[in-house]
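> Pasting my_file-v3.cif below, which is mmCIF, N, CA and C atoms.
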data_protein
#
loop_
_atom_site.label_atom_id
_atom_site.label_comp_id
_atom_site.auth_asym_id
_atom_site.auth_seq_id
_atom_site.Cartn_x
_atom_site.Cartn_y
_atom_site.Cartn_z
N MET A 1340 -194.21 -103.60 -61.65
CA MET A 1340 -192.83 -104.05 -61.79
C MET A 1340 -192.77 -105.55 -62.01
N LYS A 1341 -193.68 -106.29 -61.35
CA LYS A 1341 -193.69 -107.74 -61.52
C LYS A 1341 -194.03 -108.10 -62.97
N THR A 1342 -194.90 -107.34 -63.58
CA THR A 1342 -195.28 -107.61 -64.97
C THR A 1342 -194.08 -107.41 -65.89
N LEU A 1343 -193.34 -106.34 -65.68
CA LEU A 1343 -192.15 -106.08 -66.49
C LEU A 1343 -191.12 -107.20 -66.32
N ALA A 1344 -190.93 -107.65 -65.11
CA ALA A 1344 -189.98 -108.74 -64.84
C ALA A 1344 -190.43 -110.01 -65.55
N ARG A 1345 -191.70 -110.28 -65.53
CA ARG A 1345 -192.22 -111.48 -66.21
C ARG A 1345 -192.02 -111.38 -67.72
N ILE A 1346 -192.24 -110.20 -68.26
CA ILE A 1346 -192.05 -110.01 -69.70
C ILE A 1346 -190.59 -110.21 -70.07
N LEU A 1347 -189.70 -109.64 -69.27
CA LEU A 1347 -188.27 -109.80 -69.54
C LEU A 1347 -187.83 -111.26 -69.44
N ILE A 1348 -188.36 -111.97 -68.47
CA ILE A 1348 -188.04 -113.40 -68.33
C ILE A 1348 -188.55 -114.17 -69.54
N CYS A 1349 -189.76 -113.88 -69.99
CA CYS A 1349 -190.32 -114.56 -71.16
C CYS A 1349 -189.47 -114.31 -72.40
N PHE A 1350 -189.07 -113.05 -72.61
CA PHE A 1350 -188.23 -112.74 -73.76
C PHE A 1350 -186.88 -113.42 -73.67
N SER A 1351 -186.30 -113.43 -72.49
CA SER A 1351 -184.98 -114.07 -72.37
C SER A 1351 -185.08 -115.57 -72.61
N LEU A 1352 -186.16 -116.19 -72.17
CA LEU A 1352 -186.34 -117.62 -72.45
C LEU A 1352 -186.62 -117.87 -73.92
N LEU A 1353 -187.38 -116.98 -74.52
CA LEU A 1353 -187.73 -117.14 -75.93
C LEU A 1353 -186.50 -117.04 -76.83
N PHE A 1354 -185.61 -116.11 -76.53
CA PHE A 1354 -184.46 -115.87 -77.39
C PHE A 1354 -183.19 -116.58 -76.95
N SER A 1355 -183.28 -117.41 -75.94
CA SER A 1355 -182.09 -118.12 -75.48
C SER A 1355 -182.13 -119.59 -75.86
N THR A 1356 -182.85 -119.91 -76.91
CA THR A 1356 -182.89 -121.30 -77.34
C THR A 1356 -181.52 -121.72 -77.82
N VAL A 1357 -181.16 -122.93 -77.57
CA VAL A 1357 -179.85 -123.45 -77.95
C VAL A 1357 -179.92 -123.96 -79.39
N PRO A 1358 -179.06 -123.44 -80.28
CA PRO A 1358 -179.09 -123.92 -81.66
C PRO A 1358 -178.58 -125.36 -81.76
N ALA A 1359 -178.85 -125.98 -82.87
CA ALA A 1359 -178.39 -127.35 -83.11
C ALA A 1359 -176.87 -127.41 -83.05
N ALA A 1360 -176.32 -128.59 -82.88
CA ALA A 1360 -174.87 -128.75 -82.73
C ALA A 1360 -174.11 -128.22 -83.94
N ASP A 1361 -174.69 -128.32 -85.14
CA ASP A 1361 -173.98 -127.86 -86.33
C ASP A 1361 -174.44 -126.48 -86.79
N GLY A 1362 -175.03 -125.70 -85.91
CA GLY A 1362 -175.40 -124.33 -86.22
C GLY A 1362 -176.89 -124.13 -86.23
N PRO A 1363 -177.30 -122.91 -86.50
CA PRO A 1363 -178.73 -122.60 -86.50
C PRO A 1363 -179.43 -123.29 -87.67
N VAL A 1364 -180.73 -123.40 -87.54
CA VAL A 1364 -181.54 -124.04 -88.57
C VAL A 1364 -181.47 -123.21 -89.85
N LEU A 1365 -181.29 -123.87 -90.98
CA LEU A 1365 -181.30 -123.18 -92.27
C LEU A 1365 -182.71 -123.26 -92.84
N GLN A 1366 -183.33 -122.12 -93.01
CA GLN A 1366 -184.68 -122.07 -93.56
C GLN A 1366 -184.67 -122.63 -94.98
N GLY A 1367 -185.62 -123.50 -95.30
CA GLY A 1367 -185.75 -124.03 -96.64
C GLY A 1367 -184.93 -125.27 -96.90
N PHE A 1368 -184.24 -125.80 -95.90
CA PHE A 1368 -183.42 -126.99 -96.06
C PHE A 1368 -183.88 -128.07 -95.07
N SER A 1369 -183.91 -129.30 -95.55
CA SER A 1369 -184.15 -130.42 -94.65
C SER A 1369 -182.88 -130.62 -93.82
N PRO A 1370 -182.96 -131.35 -92.72
CA PRO A 1370 -181.74 -131.56 -91.91
C PRO A 1370 -180.58 -132.15 -92.73
N ASP A 1371 -180.87 -133.12 -93.61
CA ASP A 1371 -179.81 -133.72 -94.43
C ASP A 1371 -179.24 -132.73 -95.44
N SER A 1372 -180.12 -132.00 -96.12
CA SER A 1372 -179.62 -131.06 -97.12
C SER A 1372 -178.95 -129.85 -96.44
N ALA A 1373 -179.35 -129.52 -95.22
CA ALA A 1373 -178.69 -128.43 -94.49
C ALA A 1373 -177.24 -128.82 -94.18
N THR A 1374 -177.03 -130.08 -93.83
CA THR A 1374 -175.67 -130.55 -93.58
C THR A 1374 -174.83 -130.44 -94.84
N SER A 1375 -175.39 -130.85 -95.96
CA SER A 1375 -174.69 -130.75 -97.24
C SER A 1375 -174.43 -129.28 -97.60
N GLN A 1376 -175.42 -128.43 -97.39
CA GLN A 1376 -175.27 -127.00 -97.69
C GLN A 1376 -174.15 -126.39 -96.85
N ARG A 1377 -174.09 -126.73 -95.59
CA ARG A 1377 -173.03 -126.20 -94.73
C ARG A 1377 -171.65 -126.66 -95.21
N ALA A 1378 -171.57 -127.90 -95.68
CA ALA A 1378 -170.30 -128.41 -96.19
C ALA A 1378 -169.87 -127.61 -97.42
N TRP A 1379 -170.80 -127.33 -98.33
CA TRP A 1379 -170.48 -126.54 -99.52
C TRP A 1379 -170.07 -125.13 -99.13
N GLU A 1380 -170.77 -124.53 -98.17
CA GLU A 1380 -170.44 -123.17 -97.74
C GLU A 1380 -169.04 -123.12 -97.14
N THR A 1381 -168.67 -124.14 -96.39
CA THR A 1381 -167.33 -124.21 -95.81
C THR A 1381 -166.27 -124.29 -96.91
N LYS A 1382 -166.55 -125.10 -97.95
CA LYS A 1382 -165.61 -125.20 -99.07
C LYS A 1382 -165.45 -123.86 -99.78
N PHE A 1383 -166.57 -123.17 -100.03
CA PHE A 1383 -166.51 -121.90 -100.74
C PHE A 1383 -165.84 -120.81 -99.90
N LYS A 1384 -166.05 -120.83 -98.60
CA LYS A 1384 -165.41 -119.83 -97.74
C LYS A 1384 -163.90 -120.01 -97.69
N ALA A 1385 -163.41 -121.20 -97.96
CA ALA A 1385 -161.98 -121.47 -97.93
C ALA A 1385 -161.27 -121.02 -99.21
N ILE A 1386 -162.02 -120.73 -100.27
CA ILE A 1386 -161.42 -120.39 -101.56
C ILE A 1386 -160.75 -119.02 -101.59
N PRO A 1387 -161.40 -117.95 -101.13
CA PRO A 1387 -160.77 -116.64 -101.29
C PRO A 1387 -159.44 -116.53 -100.54
N SER A 1388 -158.50 -115.91 -101.18
CA SER A 1388 -157.21 -115.65 -100.57
C SER A 1388 -157.01 -114.14 -100.58
N ALA A 1389 -156.72 -113.57 -99.44
CA ALA A 1389 -156.54 -112.12 -99.36
C ALA A 1389 -155.43 -111.65 -100.30
N ASP A 1390 -154.37 -112.43 -100.41
CA ASP A 1390 -153.26 -112.04 -101.29
C ASP A 1390 -153.69 -112.03 -102.76
N ARG A 1391 -154.44 -113.06 -103.16
CA ARG A 1391 -154.89 -113.13 -104.56
C ARG A 1391 -155.90 -112.01 -104.85
N LEU A 1392 -156.80 -111.73 -103.90
CA LEU A 1392 -157.77 -110.65 -104.10
C LEU A 1392 -157.08 -109.30 -104.18
N ARG A 1393 -156.07 -109.08 -103.34
CA ARG A 1393 -155.32 -107.82 -103.37
C ARG A 1393 -154.61 -107.67 -104.72
N GLU A 1394 -153.98 -108.75 -105.17
CA GLU A 1394 -153.26 -108.72 -106.45
C GLU A 1394 -154.21 -108.40 -107.60
N PHE A 1395 -155.37 -109.04 -107.63
CA PHE A 1395 -156.34 -108.84 -108.70
C PHE A 1395 -156.92 -107.42 -108.63
N SER A 1396 -157.20 -106.92 -107.42
CA SER A 1396 -157.73 -105.56 -107.27
C SER A 1396 -156.72 -104.53 -107.75
N GLN A 1397 -155.46 -104.75 -107.45
CA GLN A 1397 -154.42 -103.82 -107.91
C GLN A 1397 -154.30 -103.84 -109.43
N LEU A 1398 -154.45 -105.01 -110.01
CA LEU A 1398 -154.41 -105.13 -111.46
C LEU A 1398 -155.56 -104.36 -112.10
N LEU A 1399 -156.76 -104.51 -111.54
CA LEU A 1399 -157.93 -103.82 -112.11
C LEU A 1399 -157.84 -102.31 -111.94
N ALA A 1400 -157.24 -101.85 -110.86
CA ALA A 1400 -157.20 -100.42 -110.57
C ALA A 1400 -155.89 -99.76 -110.97
N ALA A 1401 -155.03 -100.45 -111.68
CA ALA A 1401 -153.70 -99.91 -112.00
C ALA A 1401 -153.76 -98.69 -112.91
N ARG A 1402 -154.70 -98.67 -113.85
CA ARG A 1402 -154.81 -97.56 -114.79
C ARG A 1402 -156.28 -97.24 -115.02
N PRO A 1403 -156.57 -96.03 -115.49
CA PRO A 1403 -157.96 -95.71 -115.83
C PRO A 1403 -158.45 -96.68 -116.92
N HIS A 1404 -159.67 -97.11 -116.80
CA HIS A 1404 -160.19 -98.06 -117.79
C HIS A 1404 -161.64 -97.72 -118.15
N HIS A 1405 -161.81 -96.54 -118.73
CA HIS A 1405 -163.13 -96.13 -119.17
C HIS A 1405 -163.60 -97.06 -120.31
N VAL A 1406 -164.88 -97.10 -120.50
CA VAL A 1406 -165.48 -98.02 -121.47
C VAL A 1406 -164.89 -97.79 -122.85
N GLY A 1407 -164.43 -98.86 -123.47
CA GLY A 1407 -163.91 -98.81 -124.81
C GLY A 1407 -162.41 -98.57 -124.90
N SER A 1408 -161.77 -98.31 -123.76
CA SER A 1408 -160.33 -98.08 -123.80
C SER A 1408 -159.60 -99.41 -123.92
N PRO A 1409 -158.34 -99.37 -124.38
CA PRO A 1409 -157.58 -100.61 -124.48
C PRO A 1409 -157.43 -101.32 -123.13
N TYR A 1410 -157.24 -100.52 -122.05
CA TYR A 1410 -157.07 -101.15 -120.74
C TYR A 1410 -158.38 -101.76 -120.25
N ASP A 1411 -159.51 -101.19 -120.68
CA ASP A 1411 -160.81 -101.77 -120.33
C ASP A 1411 -160.92 -103.17 -120.94
N LYS A 1412 -160.46 -103.30 -122.18
CA LYS A 1412 -160.48 -104.61 -122.83
C LYS A 1412 -159.54 -105.58 -122.11
N ASP A 1413 -158.38 -105.10 -121.68
CA ASP A 1413 -157.46 -105.95 -120.92
C ASP A 1413 -158.11 -106.42 -119.61
N ASN A 1414 -158.78 -105.50 -118.92
CA ASN A 1414 -159.46 -105.87 -117.67
C ASN A 1414 -160.54 -106.91 -117.91
N ALA A 1415 -161.32 -106.72 -118.97
CA ALA A 1415 -162.38 -107.67 -119.29
C ALA A 1415 -161.79 -109.05 -119.57
N GLY A 1416 -160.69 -109.08 -120.33
CA GLY A 1416 -160.03 -110.36 -120.60
C GLY A 1416 -159.49 -111.01 -119.34
N GLY A 1417 -158.96 -110.19 -118.41
CA GLY A 1417 -158.46 -110.73 -117.16
C GLY A 1417 -159.57 -111.29 -116.28
N ILE A 1418 -160.72 -110.62 -116.29
CA ILE A 1418 -161.87 -111.10 -115.51
C ILE A 1418 -162.37 -112.42 -116.08
N ILE A 1419 -162.47 -112.50 -117.40
CA ILE A 1419 -162.91 -113.75 -118.03
C ILE A 1419 -161.94 -114.89 -117.71
N ALA A 1420 -160.65 -114.59 -117.75
CA ALA A 1420 -159.65 -115.62 -117.43
C ALA A 1420 -159.80 -116.10 -115.99
N LYS A 1421 -160.10 -115.18 -115.06
CA LYS A 1421 -160.29 -115.58 -113.65
C LYS A 1421 -161.52 -116.48 -113.50
N PHE A 1422 -162.59 -116.16 -114.22
CA PHE A 1422 -163.78 -117.02 -114.15
C PHE A 1422 -163.50 -118.41 -114.71
N LYS A 1423 -162.75 -118.47 -115.79
CA LYS A 1423 -162.41 -119.76 -116.37
C LYS A 1423 -161.47 -120.56 -115.49
N GLU A 1424 -160.64 -119.83 -114.74
CA GLU A 1424 -159.67 -120.46 -113.84
C GLU A 1424 -160.40 -121.22 -112.76
#
Now, as a test, write the supplied structure out as structure tokens.

Amino acid sequence: MKTLARILICFSLLFSTVPAADGPVLQGFSPDSATSQRAWETKFKAIPSADRLREFSQLLAARPHHVGSPYDKDNAGGIIAKFKE
């Protein structure tokens, strides 16, 4: 039983390390570039709007749009416009 308790204590100490103040370490990034990466990720996470995504999803799913149909071409044009936006 003592051995099991020691193993559990070792695992709890191993996995209870405190992450850095600005989050866990990003593999493949230096500390400076990790800070920059986190800033970019925060900016990108702020972009999506649930209302805009709902509106666009409803537009894409409004009618059947099998390949080559007129509505398929409309959807493709709408997607290109969103990327350009």
> Could you tell me which residues the PyMOL selection byres (((chain A and resi 1415-1423 and name CA) around 12) and name CA) returns for this structure, as a ChimeraX atom specification?
/A:1391-1392,1395-1396,1398-1399,1404-1414,1424
> Would you save the residues of that selection, restricted to N, CA and C atoms, as a compact mmCIF listing (two decimals), in the frame of the given file?

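What landed in result17.txt:
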# COMPACT_ATOMS: atom_id res chain seq x y z
N ARG A 1391 -154.44 -113.06 -103.16
CA ARG A 1391 -154.89 -113.13 -104.56
C ARG A 1391 -155.90 -112.01 -104.85
N LEU A 1392 -156.80 -111.73 -103.90
CA LEU A 1392 -157.77 -110.65 -104.10
C LEU A 1392 -157.08 -109.30 -104.18
N PHE A 1395 -155.37 -109.04 -107.63
CA PHE A 1395 -156.34 -108.84 -108.70
C PHE A 1395 -156.92 -107.42 -108.63
N SER A 1396 -157.20 -106.92 -107.42
CA SER A 1396 -157.73 -105.56 -107.27
C SER A 1396 -156.72 -104.53 -107.75
N LEU A 1398 -154.45 -105.01 -110.01
CA LEU A 1398 -154.41 -105.13 -111.46
C LEU A 1398 -155.56 -104.36 -112.10
N LEU A 1399 -156.76 -104.51 -111.54
CA LEU A 1399 -157.93 -103.82 -112.11
C LEU A 1399 -157.84 -102.31 -111.94
N HIS A 1404 -159.67 -97.11 -116.80
CA HIS A 1404 -160.19 -98.06 -117.79
C HIS A 1404 -161.64 -97.72 -118.15
N HIS A 1405 -161.81 -96.54 -118.73
CA HIS A 1405 -163.13 -96.13 -119.17
C HIS A 1405 -163.60 -97.06 -120.31
N VAL A 1406 -164.88 -97.10 -120.50
CA VAL A 1406 -165.48 -98.02 -121.47
C VAL A 1406 -164.89 -97.79 -122.85
N GLY A 1407 -164.43 -98.86 -123.47
CA GLY A 1407 -163.91 -98.81 -124.81
C GLY A 1407 -162.41 -98.57 -124.90
N SER A 1408 -161.77 -98.31 -123.76
CA SER A 1408 -160.33 -98.08 -123.80
C SER A 1408 -159.60 -99.41 -123.92
N PRO A 1409 -158.34 -99.37 -124.38
CA PRO A 1409 -157.58 -100.61 -124.48
C PRO A 1409 -157.43 -101.32 -123.13
N TYR A 1410 -157.24 -100.52 -122.05
CA TYR A 1410 -157.07 -101.15 -120.74
C TYR A 1410 -158.38 -101.76 -120.25
N ASP A 1411 -159.51 -101.19 -120.68
CA ASP A 1411 -160.81 -101.77 -120.33
C ASP A 1411 -160.92 -103.17 -120.94
N LYS A 1412 -160.46 -103.30 -122.18
CA LYS A 1412 -160.48 -104.61 -122.83
C LYS A 1412 -159.54 -105.58 -122.11
N ASP A 1413 -158.38 -105.10 -121.68
CA ASP A 1413 -157.46 -105.95 -120.92
C ASP A 1413 -158.11 -106.42 -119.61
N ASN A 1414 -158.78 -105.50 -118.92
CA ASN A 1414 -159.46 -105.87 -117.67
C ASN A 1414 -160.54 -106.91 -117.91
N GLU A 1424 -160.64 -119.83 -114.74
CA GLU A 1424 -159.67 -120.46 -113.84
C GLU A 1424 -160.40 -121.22 -112.76
> For CA of Ala1389 (chain A) and CA of Arg1377 (chain A), quote the distance in Å rounded to one decimal.
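Going from CA of Ala1389 (chain A) over to CA of Arg1377 (chain A), I get 22.2 Å.
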> Suppose you want the space between CA of Gln1366 (chain A) and CA of Pro1387 (chain A); what is it in Å?
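Between CA of Gln1366 (chain A) and CA of Pro1387 (chain A) the gap works out to 25.7 Å.
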> To one decimal place, how far is atom N of Thr1381 (chain A) from atom N of Phe1368 (chain A) in Å?
15.7 Å
